[in-house]
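The next block is entry.txt, given as compact mmCIF, C-alpha atoms.
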# COMPACT_ATOMS: atom_id res chain seq x y z
CA MET A 1464 33.32 19.43 -213.38
CA ASP A 1465 33.82 16.49 -211.00
CA THR A 1466 35.39 17.55 -207.71
CA GLY A 1467 37.41 14.35 -207.75
CA GLU A 1468 39.30 15.36 -210.86
CA GLU A 1469 43.05 15.39 -210.48
CA THR A 1470 45.22 18.17 -211.83
CA THR A 1471 47.26 16.45 -214.49
CA THR A 1472 48.96 17.33 -217.71
CA GLU A 1473 46.30 17.25 -220.41
CA ILE A 1474 46.95 14.96 -223.29
CA ARG A 1475 45.43 16.42 -226.40
CA THR A 1476 45.17 14.45 -229.59
CA VAL A 1477 44.30 16.27 -232.78
CA TYR A 1478 42.86 14.39 -235.71
CA ALA A 1479 43.31 16.43 -238.87
CA ALA A 1480 40.92 15.99 -241.75
CA VAL A 1481 42.65 14.77 -244.91
CA SER A 1482 39.65 14.79 -247.22
CA GLY A 1483 39.83 17.08 -250.21
CA LYS A 1484 36.28 18.30 -249.62
CA PRO A 1485 35.57 21.17 -247.26
CA ASN A 1486 34.92 19.96 -243.75
CA PRO A 1487 33.02 22.20 -241.34
CA GLU A 1488 34.72 20.41 -238.40
CA PRO A 1489 38.33 19.86 -239.52
CA THR A 1490 39.70 18.86 -236.11
CA LYS A 1491 38.51 16.90 -233.12
CA LEU A 1492 40.06 17.74 -229.76
CA LEU A 1493 40.14 15.01 -227.10
CA CYS A 1494 41.20 15.72 -223.53
CA PHE A 1495 42.12 12.79 -221.30
CA LYS A 1496 41.74 13.26 -217.53
CA VAL A 1497 41.88 11.01 -214.50
CA TYR A 1498 39.67 11.22 -211.41
CA LYS A 1499 40.46 10.57 -207.77
CA ARG A 1500 37.40 8.37 -207.35
CA ARG A 1501 39.09 5.73 -209.49
CA TRP A 1502 40.90 4.71 -206.29
CA PHE A 1503 37.57 4.29 -204.49
CA VAL A 1504 36.25 2.02 -207.27
CA LEU A 1505 39.50 0.05 -207.09
CA LEU A 1506 39.19 -0.22 -203.30
CA VAL A 1507 35.64 -1.57 -203.56
CA LEU A 1508 36.73 -4.18 -206.11
CA CYS A 1509 39.66 -5.23 -203.90
CA LEU A 1510 37.43 -5.61 -200.83
CA LEU A 1511 34.86 -7.53 -202.86
CA ASN A 1512 37.50 -9.81 -204.39
CA CYS A 1513 39.04 -10.47 -200.98
CA SER A 1514 35.65 -11.13 -199.35
CA ASN A 1515 34.62 -13.56 -202.06
CA ALA A 1516 37.88 -15.47 -201.72
CA THR A 1517 37.35 -15.86 -197.95
CA ILE A 1518 33.83 -17.16 -198.57
CA TRP A 1519 35.18 -19.61 -201.13
CA LEU A 1520 37.70 -21.21 -198.76
CA THR A 1521 35.98 -20.68 -195.41
CA PHE A 1522 35.62 -24.37 -194.61
CA ALA A 1523 38.79 -25.86 -196.13
CA PRO A 1524 41.12 -25.00 -193.20
CA VAL A 1525 38.53 -26.21 -190.63
CA ALA A 1526 37.12 -29.18 -192.47
CA ASP A 1527 36.96 -31.43 -189.39
CA GLN A 1528 35.13 -28.85 -187.26
CA SER A 1529 32.72 -28.11 -190.14
CA GLU A 1530 32.05 -31.82 -190.62
CA GLN A 1531 31.13 -32.22 -186.96
CA TYR A 1532 28.92 -29.14 -186.75
CA LEU A 1533 27.02 -29.68 -190.01
CA LYS A 1534 26.81 -33.47 -189.44
CA VAL A 1535 27.92 -34.40 -192.96
CA THR A 1536 30.87 -36.25 -194.49
CA LEU A 1537 34.24 -34.73 -195.33
CA GLU A 1538 33.42 -35.15 -199.02
CA ASP A 1539 30.35 -32.95 -198.56
CA ILE A 1540 32.55 -30.28 -196.93
CA ASN A 1541 34.91 -30.41 -199.93
CA TRP A 1542 31.96 -29.67 -202.22
CA LEU A 1543 31.43 -26.36 -200.42
CA SER A 1544 34.63 -25.21 -202.13
CA LEU A 1545 34.33 -27.22 -205.35
CA VAL A 1546 30.96 -25.62 -206.15
CA PHE A 1547 32.89 -22.46 -207.08
CA MET A 1548 34.73 -24.38 -209.80
CA VAL A 1549 31.56 -26.00 -211.10
CA VAL A 1550 29.54 -22.79 -211.29
CA ALA A 1551 32.33 -20.62 -212.74
CA ILE A 1552 32.62 -22.37 -216.12
CA PRO A 1553 29.03 -22.06 -217.44
CA LEU A 1554 28.66 -18.50 -216.09
CA SER A 1555 31.93 -17.18 -217.48
CA PHE A 1556 30.65 -16.34 -220.96
CA GLY A 1557 27.59 -14.60 -219.56
CA THR A 1558 29.81 -12.57 -217.25
CA THR A 1559 32.09 -11.39 -220.06
CA TRP A 1560 29.02 -10.35 -222.06
CA MET A 1561 27.61 -8.48 -219.06
CA LEU A 1562 30.85 -6.59 -218.40
CA ASP A 1563 31.35 -5.52 -222.00
CA THR A 1564 27.66 -4.82 -222.70
CA LEU A 1565 25.92 -3.72 -219.48
CA GLY A 1566 28.96 -2.11 -217.92
CA LEU A 1567 31.15 -2.21 -214.83
CA ARG A 1568 28.70 -0.68 -212.35
CA ILE A 1569 25.86 -3.18 -212.84
CA THR A 1570 28.26 -6.11 -212.80
CA LEU A 1571 29.99 -5.07 -209.58
CA ILE A 1572 26.77 -4.22 -207.74
CA LEU A 1573 25.18 -7.54 -208.75
CA GLY A 1574 28.31 -9.39 -207.66
CA SER A 1575 28.36 -7.58 -204.30
CA TRP A 1576 24.71 -8.43 -203.59
CA LEU A 1577 25.16 -12.11 -204.48
CA ASN A 1578 28.28 -12.21 -202.32
CA MET A 1579 26.46 -10.60 -199.38
CA LEU A 1580 23.32 -12.74 -199.66
CA GLY A 1581 25.45 -15.89 -199.82
CA ALA A 1582 27.42 -14.88 -196.71
CA LEU A 1583 24.26 -14.03 -194.75
CA LEU A 1584 22.48 -17.22 -195.78
CA ARG A 1585 25.43 -19.32 -194.60
CA PHE A 1586 25.36 -17.63 -191.21
CA LEU A 1587 21.59 -17.78 -190.73
CA GLY A 1588 21.51 -21.40 -191.88
CA THR A 1589 23.96 -22.51 -189.20
CA LEU A 1590 22.19 -20.92 -186.22
CA PRO A 1591 21.10 -23.61 -183.71
CA SER A 1592 17.54 -24.76 -184.32
CA ASP A 1593 15.56 -27.73 -183.02
CA ARG A 1594 12.75 -27.38 -185.55
CA TYR A 1595 14.73 -27.23 -188.78
CA LYS A 1596 17.59 -29.47 -189.82
CA LEU A 1597 18.57 -27.72 -193.03
CA GLN A 1598 21.96 -26.40 -192.01
CA PHE A 1599 24.05 -28.00 -194.74
CA PRO A 1600 21.58 -27.23 -197.61
CA ALA A 1601 21.44 -23.61 -196.44
CA VAL A 1602 25.24 -23.38 -196.32
CA MET A 1603 25.52 -24.99 -199.76
CA LEU A 1604 23.00 -22.54 -201.19
CA GLY A 1605 24.97 -19.68 -199.67
CA GLN A 1606 28.18 -21.04 -201.19
CA THR A 1607 26.42 -21.30 -204.56
CA LEU A 1608 25.40 -17.64 -204.40
CA GLY A 1609 29.02 -16.78 -203.63
CA ALA A 1610 30.09 -18.92 -206.57
CA LEU A 1611 27.67 -17.02 -208.82
CA ALA A 1612 29.33 -13.79 -207.69
CA GLN A 1613 32.91 -14.95 -208.32
CA PRO A 1614 33.03 -14.54 -212.14
CA LEU A 1615 31.36 -11.12 -211.82
CA ILE A 1616 34.22 -10.07 -209.54
CA ILE A 1617 37.28 -11.89 -210.80
CA PHE A 1618 36.85 -10.84 -214.46
CA THR A 1619 36.61 -7.15 -213.58
CA PRO A 1620 40.22 -5.96 -212.91
CA THR A 1621 41.26 -5.54 -216.56
CA LYS A 1622 38.03 -3.72 -217.40
CA LEU A 1623 38.34 -1.38 -214.42
CA ALA A 1624 41.99 -0.63 -215.18
CA ALA A 1625 41.20 0.18 -218.80
CA LEU A 1626 38.20 2.42 -218.07
CA TRP A 1627 39.42 4.35 -215.03
CA PHE A 1628 43.24 4.44 -215.10
CA PRO A 1629 45.74 6.07 -217.48
CA ASP A 1630 48.19 3.92 -219.43
CA SER A 1631 50.93 4.64 -216.88
CA GLN A 1632 48.87 3.02 -214.06
CA ARG A 1633 46.92 0.26 -215.78
CA ALA A 1634 49.24 -2.64 -214.94
CA THR A 1635 49.55 -1.48 -211.32
CA ALA A 1636 45.77 -1.15 -210.92
CA ASN A 1637 45.24 -4.57 -212.47
CA MET A 1638 47.87 -6.03 -210.15
CA ILE A 1639 46.29 -4.54 -207.01
CA ALA A 1640 42.80 -5.75 -207.93
CA SER A 1641 43.97 -9.22 -209.01
CA MET A 1642 46.19 -9.87 -205.98
CA SER A 1643 43.34 -9.11 -203.56
CA ASN A 1644 41.98 -12.58 -204.40
CA PRO A 1645 45.04 -14.55 -203.19
CA LEU A 1646 45.18 -12.17 -200.22
CA GLY A 1647 41.65 -13.32 -199.34
CA ILE A 1648 42.77 -16.94 -199.66
CA LEU A 1649 45.62 -16.24 -197.26
CA LEU A 1650 43.28 -14.54 -194.78
CA ALA A 1651 40.86 -17.47 -194.90
CA ASN A 1652 43.66 -19.89 -194.07
CA ILE A 1653 44.65 -17.72 -191.10
CA ILE A 1654 41.28 -16.57 -189.76
CA SER A 1655 39.27 -19.80 -190.02
CA PRO A 1656 41.53 -21.93 -187.74
CA VAL A 1657 41.91 -19.06 -185.25
CA ILE A 1658 38.15 -18.47 -184.80
CA ALA A 1659 36.78 -21.99 -185.26
CA GLU A 1660 38.96 -23.96 -182.85
CA THR A 1661 35.95 -26.12 -182.03
CA SER A 1662 32.88 -27.09 -184.06
CA ALA A 1663 30.59 -24.94 -181.88
CA GLN A 1664 32.31 -21.80 -183.18
CA ILE A 1665 31.36 -22.33 -186.83
CA PRO A 1666 28.44 -19.81 -186.69
CA LYS A 1667 30.81 -17.23 -185.18
CA LEU A 1668 33.23 -17.83 -188.04
CA LEU A 1669 30.52 -17.34 -190.67
CA LEU A 1670 29.41 -14.12 -188.97
CA ALA A 1671 33.00 -12.85 -189.13
CA TYR A 1672 32.94 -13.31 -192.91
CA ALA A 1673 29.40 -11.97 -193.38
CA VAL A 1674 30.12 -8.55 -191.85
CA PRO A 1675 32.78 -7.52 -194.42
CA ALA A 1676 30.55 -8.80 -197.23
CA CYS A 1677 27.70 -6.54 -196.04
CA ILE A 1678 29.98 -3.50 -195.71
CA THR A 1679 31.44 -4.05 -199.18
CA CYS A 1680 27.96 -4.43 -200.68
CA LEU A 1681 26.94 -1.11 -199.13
CA LEU A 1682 30.03 0.63 -200.50
CA ALA A 1683 29.46 -0.78 -203.98
CA THR A 1684 25.75 0.03 -204.10
CA VAL A 1685 26.05 3.57 -202.76
CA GLY A 1686 29.53 4.56 -203.89
CA ILE A 1687 29.83 3.31 -207.48
CA ARG A 1688 27.70 5.76 -209.46
CA SER A 1689 28.88 5.09 -213.01
CA SER A 1690 30.65 2.42 -215.05
CA LYS A 1691 33.25 4.86 -216.33
CA PRO A 1692 34.47 8.40 -215.57
CA PRO A 1693 33.00 11.48 -217.31
CA THR A 1694 36.02 11.72 -219.60
CA PRO A 1695 38.33 8.84 -220.62
CA PRO A 1696 41.79 8.58 -219.02
CA SER A 1697 43.42 7.33 -222.23
CA ALA A 1698 42.84 6.68 -225.91
CA GLY A 1699 42.32 3.00 -225.14
CA ALA A 1700 39.52 3.80 -222.71
CA GLU A 1701 37.83 5.94 -225.37
CA SER A 1702 37.32 2.87 -227.57
CA SER A 1703 37.05 0.22 -224.83
CA GLY A 1704 34.74 -2.66 -225.68
CA SER A 1705 34.07 -1.36 -229.16
CA GLU A 1706 33.42 -4.83 -230.66
CA PRO A 1707 30.14 -6.73 -230.03
CA PHE A 1708 30.49 -9.83 -227.85
CA ILE A 1709 29.99 -12.50 -230.55
CA GLN A 1710 32.15 -10.62 -233.04
CA GLY A 1711 34.82 -10.30 -230.37
CA LEU A 1712 34.89 -14.06 -229.78
CA LYS A 1713 35.30 -14.64 -233.52
CA LEU A 1714 38.20 -12.21 -233.65
CA LEU A 1715 39.89 -13.90 -230.69
CA LEU A 1716 39.67 -17.35 -232.29
CA LYS A 1717 41.46 -15.93 -235.36
CA ASN A 1718 44.14 -14.13 -233.33
CA LYS A 1719 47.24 -16.37 -233.30
CA PRO A 1720 49.27 -14.45 -230.65
CA TYR A 1721 46.22 -14.41 -228.36
CA LEU A 1722 45.63 -18.16 -228.81
CA ILE A 1723 49.25 -18.88 -227.91
CA LEU A 1724 48.89 -16.78 -224.77
CA LEU A 1725 45.59 -18.52 -223.97
CA LEU A 1726 47.19 -21.97 -224.19
CA CYS A 1727 50.32 -21.07 -222.20
CA PHE A 1728 48.77 -18.92 -219.49
CA GLY A 1729 45.59 -21.01 -219.28
CA SER A 1730 47.81 -24.00 -218.52
CA GLY A 1731 49.58 -21.91 -215.88
CA ILE A 1732 46.29 -21.07 -214.19
CA ALA A 1733 45.38 -24.77 -214.15
CA VAL A 1734 48.73 -25.68 -212.55
CA PHE A 1735 48.37 -22.97 -209.90
CA THR A 1736 44.84 -24.09 -209.07
CA CYS A 1737 45.99 -27.69 -208.61
CA PHE A 1738 49.00 -26.58 -206.55
CA SER A 1739 46.88 -24.47 -204.20
CA THR A 1740 44.26 -27.20 -203.78
CA LEU A 1741 46.52 -30.25 -203.41
CA LEU A 1742 49.55 -28.80 -201.59
CA ASP A 1743 48.62 -30.42 -198.25
CA GLN A 1744 48.12 -33.82 -199.83
CA ILE A 1745 51.36 -33.61 -201.83
CA LEU A 1746 53.50 -32.76 -198.81
CA CYS A 1747 51.79 -34.80 -196.10
CA VAL A 1748 52.19 -38.12 -197.93
CA ASN A 1749 55.95 -37.49 -197.97
CA GLY A 1750 56.24 -37.02 -194.22
CA TYR A 1751 55.65 -33.29 -193.83
CA THR A 1752 53.14 -31.95 -191.30
CA ASN A 1753 49.94 -30.02 -191.94
CA ASP A 1754 51.45 -26.97 -190.24
CA PHE A 1755 54.43 -27.02 -192.58
CA ALA A 1756 52.16 -27.41 -195.60
CA GLY A 1757 50.18 -24.39 -194.39
CA LEU A 1758 53.42 -22.41 -194.03
CA CYS A 1759 54.42 -23.29 -197.59
CA GLY A 1760 51.01 -22.18 -198.86
CA ALA A 1761 51.38 -18.88 -197.01
CA LEU A 1762 54.89 -18.33 -198.44
CA PHE A 1763 53.53 -19.15 -201.90
CA ILE A 1764 50.93 -16.38 -201.65
CA VAL A 1765 52.99 -13.76 -199.77
CA PHE A 1766 55.95 -13.94 -202.14
CA GLY A 1767 53.52 -13.96 -205.08
CA ILE A 1768 51.93 -10.71 -203.92
CA VAL A 1769 55.38 -9.14 -203.41
CA GLY A 1770 56.50 -10.23 -206.88
CA ALA A 1771 53.31 -8.99 -208.51
CA GLY A 1772 53.74 -5.59 -206.86
CA GLY A 1773 57.26 -5.14 -208.19
CA VAL A 1774 56.51 -6.44 -211.66
CA GLY A 1775 53.36 -4.33 -211.98
CA VAL A 1776 55.26 -1.10 -211.30
CA TYR A 1777 58.07 -2.16 -213.66
CA VAL A 1778 55.72 -2.97 -216.54
CA ASP A 1779 53.84 0.30 -216.09
CA LYS A 1780 57.11 2.17 -216.61
CA THR A 1781 58.64 0.06 -219.40
CA LYS A 1782 55.59 -1.44 -221.17
CA LYS A 1783 57.52 -4.69 -221.66
CA PHE A 1784 54.47 -6.94 -221.32
CA THR A 1785 55.68 -9.64 -223.71
CA GLU A 1786 59.20 -9.91 -222.32
CA VAL A 1787 58.06 -10.06 -218.70
CA THR A 1788 55.41 -12.69 -219.49
CA LYS A 1789 57.90 -14.92 -221.32
CA ILE A 1790 60.51 -14.69 -218.58
CA GLY A 1791 57.91 -15.19 -215.84
CA LEU A 1792 56.38 -18.26 -217.48
CA SER A 1793 59.84 -19.79 -218.02
CA LEU A 1794 60.94 -19.25 -214.41
CA SER A 1795 57.57 -20.49 -213.12
CA THR A 1796 57.99 -23.67 -215.13
CA LEU A 1797 61.47 -24.25 -213.70
CA SER A 1798 60.15 -23.61 -210.17
CA CYS A 1799 57.31 -26.08 -210.72
CA ILE A 1800 59.76 -28.74 -211.92
CA ALA A 1801 61.98 -28.07 -208.91
CA PHE A 1802 59.00 -28.46 -206.57
CA SER A 1803 57.98 -31.76 -208.16
CA VAL A 1804 61.47 -33.09 -207.42
CA VAL A 1805 62.15 -31.57 -203.98
CA SER A 1806 58.70 -32.38 -202.57
CA LEU A 1807 59.44 -36.10 -202.97
CA MET A 1808 62.50 -35.83 -200.73
CA PRO A 1809 61.91 -36.25 -196.97
CA HIS A 1810 63.46 -33.89 -194.41
CA GLN A 1811 64.05 -31.05 -196.89
CA LYS A 1812 61.93 -28.34 -195.29
CA VAL A 1813 64.20 -25.44 -196.22
CA ALA A 1814 64.40 -26.50 -199.87
CA VAL A 1815 60.65 -27.10 -200.14
CA ALA A 1816 59.82 -23.75 -198.54
CA ALA A 1817 62.29 -21.93 -200.81
CA VAL A 1818 60.90 -23.54 -203.97
CA CYS A 1819 57.30 -22.72 -202.95
CA SER A 1820 58.34 -19.11 -202.39
CA LEU A 1821 60.01 -18.90 -205.81
CA PHE A 1822 57.05 -20.59 -207.49
CA GLY A 1823 54.68 -18.04 -206.01
CA PHE A 1824 57.03 -15.11 -206.72
CA PHE A 1825 57.40 -15.85 -210.43
CA GLY A 1826 53.95 -17.32 -211.02
CA PHE A 1827 51.73 -14.77 -209.30
CA SER A 1828 53.81 -11.86 -210.59
CA ILE A 1829 52.89 -12.54 -214.22
CA TYR A 1830 49.16 -13.01 -213.61
CA PRO A 1831 48.15 -9.33 -213.91
CA VAL A 1832 50.77 -8.73 -216.61
CA ALA A 1833 49.51 -11.61 -218.74
CA MET A 1834 45.94 -10.41 -218.32
CA GLU A 1835 46.97 -6.94 -219.51
CA LEU A 1836 48.86 -8.54 -222.40
CA SER A 1837 45.72 -10.43 -223.39
CA VAL A 1838 43.90 -7.10 -223.63
CA GLU A 1839 46.72 -5.43 -225.58
CA SER A 1840 47.07 -8.31 -228.06
CA SER A 1841 43.33 -8.62 -228.72
CA TYR A 1842 42.34 -4.97 -229.33
CA PRO A 1843 39.61 -3.94 -230.22
CA VAL A 1844 37.91 -6.86 -228.41
CA GLY A 1845 36.44 -5.96 -225.00
CA GLU A 1846 38.68 -6.39 -221.98
CA ALA A 1847 36.34 -8.74 -220.13
CA THR A 1848 36.01 -11.03 -223.14
CA SER A 1849 39.74 -11.40 -223.78
CA ALA A 1850 40.69 -11.83 -220.10
CA GLY A 1851 37.67 -13.98 -219.25
CA LEU A 1852 38.34 -16.50 -222.00
CA ILE A 1853 41.84 -17.12 -220.62
CA PHE A 1854 40.40 -17.66 -217.13
CA VAL A 1855 37.87 -20.16 -218.51
CA SER A 1856 40.61 -22.03 -220.39
CA GLY A 1857 42.41 -22.55 -217.08
CA LYS A 1858 39.30 -24.18 -215.62
CA PHE A 1859 38.91 -26.54 -218.61
CA ILE A 1860 42.57 -27.52 -218.69
Can I see the file as structure tokens?
Amino acid sequence: MDTGEETTTEIRTVYAAVSGKPNPEPTKLLCFKVYKRRWFVLLVLCLLNCSNATIWLTFAPVADQSEQYLKVTLEDINWLSLVFMVVAIPLSFGTTWMLDTLGLRITLILGSWLNMLGALLRFLGTLPSDRYKLQFPAVMLGQTLGALAQPLIIFTPTKLAALWFPDSQRATANMIASMSNPLGILLANIISPVIAETSAQIPKLLLAYAVPACITCLLATVGIRSSKPPTPPSAGAESSGSEPFIQGLKLLLKNKPYLILLLCFGSGIAVFTCFSTLLDQILCVNGYTNDFAGLCGALFIVFGIVGAGGVGVYVDKTKKFTEVTKIGLSLSTLSCIAFSVVSLMPHQKVAVAAVCSLFGFFGFSIYPVAMELSVESSYPVGEATSAGLIFVSGKFI
């Protein structure tokens, strides 16, 4: 028996045979157990998600320094981040198939290697060289490898929570794994300006992001030995991903509650993406400084992580996925409307900061809950397929 097994109350489910004919095996006894190494797998996913997010937005906070060092235009620097959006859409369906068919282990290890190779290529490509002038193409190729890794990482939380965690911890595990991505965005916005104060420090900045990517790749390759534990932690994990990929897509397109959630939450993802990307431009044109815009972005993420933590624990205890999602979407909508009004008013720093905090608190808090709800409402479709399709809808919208 695995040494990482926790001592828990065994949940035994007995299926009695109801057939009138004699049955040599009248009952089937299932024992659900959880294993301590589920926390290690969750840690690896969190580190990988955070590392990938820092690679995604490495250059955005230091666009001017990057432009000078790489000797390209500001538009070219913007494409170093936009390539993640471009690559994610066509790869999303392949990623969902890989997760539900090939398993969690292969998907995470492949994602960690792509993430590491992209980070190393960016660093090596920016080293000073008189013979080769391929710095920007090398950095773009490294960003593309990171973009290839993103769907493999960002679609994984619901699958990991379903396979490794009991029902009482699924929403919390999904929340922790999902919120590591905005945490990485926050770290990128803090670390990049601190390290790369001048253009000459761009290679040092890329090295700082490459080291965690290498460590995380090592942990994933060596530490993750299986896609799922020896015994399932819940009845849902026992039948996880029971439908083939194509059949699962057909079932989702016929599932009215799921389609409503896809439209509503997919629109929410699109709004949050636009808000995160255009916050500086929205505020600066109305007289606010770049520093204040950065503060609002930080408040948006910090309060979102706090809200997600509280809501995740609450939903795990009450199982009120639908109610929390409805309330969260409604309050997020009101916060978004308030921001669209307040941001147009000059000299309203306190109001703008408060609205950004509320927008992040209500919006981010429902992300892991809505993803779990998509899995619950689409059973027996695989977790990666149901959650991944919602993520893709946000990119299209």
May I ask for the distance between CA of Gly1772 in chain A and CA of Met1638 in chain A, given in Å to one decimal place?
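Taking CA of Gly1772 in chain A as the start and CA of Met1638 in chain A as the end point, the length is 6.7 Å.
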Distance CA of Gly1767 in chain A-CA of Glu1538 in chain A, one decimal place?
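Atom-to-atom, CA of Gly1767 in chain A and CA of Glu1538 in chain A are spaced 29.8 Å apart.
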So how many Å separate CA of Val1550 in chain A and CA of Gln1606 in chain A, to one decimal?
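Distance reported for this atom pair: 10.3 Å.
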I'd like the contact shell of Leu1604 in chain A - 12 Å cut-off, only C-alpha atoms, skipping same-chain residues fewer than 2 positions apart - returned as JSON, numbers by chain.
{"A": [1542, 1543, 1544, 1546, 1547, 1577, 1578, 1580, 1581, 1582, 1583, 1584, 1585, 1586, 1587, 1588, 1597, 1598, 1599, 1600, 1601, 1602, 1606, 1607, 1608, 1609, 1610, 1611]}
Atoms to include: C-alpha atoms. Write the selected residues as an mmCIF file, in the frame of the given file.
data_model
loop_
_atom_site.group_PDB
_atom_site.id
_atom_site.type_symbol
_atom_site.label_atom_id
_atom_site.label_comp_id
_atom_site.auth_asym_id
_atom_site.auth_seq_id
_atom_site.Cartn_x
_atom_site.Cartn_y
_atom_site.Cartn_z
ATOM 1 C CA TRP A 1542 31.960 -29.670 -202.220
ATOM 2 C CA LEU A 1543 31.430 -26.360 -200.420
ATOM 3 C CA SER A 1544 34.630 -25.210 -202.130
ATOM 4 C CA VAL A 1546 30.960 -25.620 -206.150
ATOM 5 C CA PHE A 1547 32.890 -22.460 -207.080
ATOM 6 C CA LEU A 1577 25.160 -12.110 -204.480
ATOM 7 C CA ASN A 1578 28.280 -12.210 -202.320
ATOM 8 C CA LEU A 1580 23.320 -12.740 -199.660
ATOM 9 C CA GLY A 1581 25.450 -15.890 -199.820
ATOM 10 C CA ALA A 1582 27.420 -14.880 -196.710
ATOM 11 C CA LEU A 1583 24.260 -14.030 -194.750
ATOM 12 C CA LEU A 1584 22.480 -17.220 -195.780
ATOM 13 C CA ARG A 1585 25.430 -19.320 -194.600
ATOM 14 C CA PHE A 1586 25.360 -17.630 -191.210
ATOM 15 C CA LEU A 1587 21.590 -17.780 -190.730
ATOM 16 C CA GLY A 1588 21.510 -21.400 -191.880
ATOM 17 C CA LEU A 1597 18.570 -27.720 -193.030
ATOM 18 C CA GLN A 1598 21.960 -26.400 -192.010
ATOM 19 C CA PHE A 1599 24.050 -28.000 -194.740
ATOM 20 C CA PRO A 1600 21.580 -27.230 -197.610
ATOM 21 C CA ALA A 1601 21.440 -23.610 -196.440
ATOM 22 C CA VAL A 1602 25.240 -23.380 -196.320
ATOM 23 C CA GLN A 1606 28.180 -21.040 -201.190
ATOM 24 C CA THR A 1607 26.420 -21.300 -204.560
ATOM 25 C CA LEU A 1608 25.400 -17.640 -204.400
ATOM 26 C CA GLY A 1609 29.020 -16.780 -203.630
ATOM 27 C CA ALA A 1610 30.090 -18.920 -206.570
ATOM 28 C CA LEU A 1611 27.670 -17.020 -208.820
#
For Thr1621 in chain A, the nearest of the candidates A:Thr1559, A:Ser1730, A:Ser1803, A:Thr1661, counting all atoms listed in the file
A:Thr1559
Per residue of range 1736-1813 of chain A within 12 Å of range 1837-1848 of chain A, what are the shortest atom pair and its distance in Å to one decimal, counting all atoms listed in the file, with rows by chain and residue number, as a tab-separated table?
residue	atom	partner	partner_atom	distance
A:Lys1782	CA	A:Glu1839	CA	10.7
A:Lys1783	CA	A:Glu1839	CA	11.5
A:Phe1784	CA	A:Glu1839	CA	9.0
A:Thr1785	CA	A:Ser1840	CA	9.7
A:Thr1788	CA	A:Ser1837	CA	10.7
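Among the candidates A:Val1818, A:Leu1682, A:Ile1518, A:Val1497, the one nearest to Phe1766 in chain A when counting all atoms listed in the file is A:Val1818.
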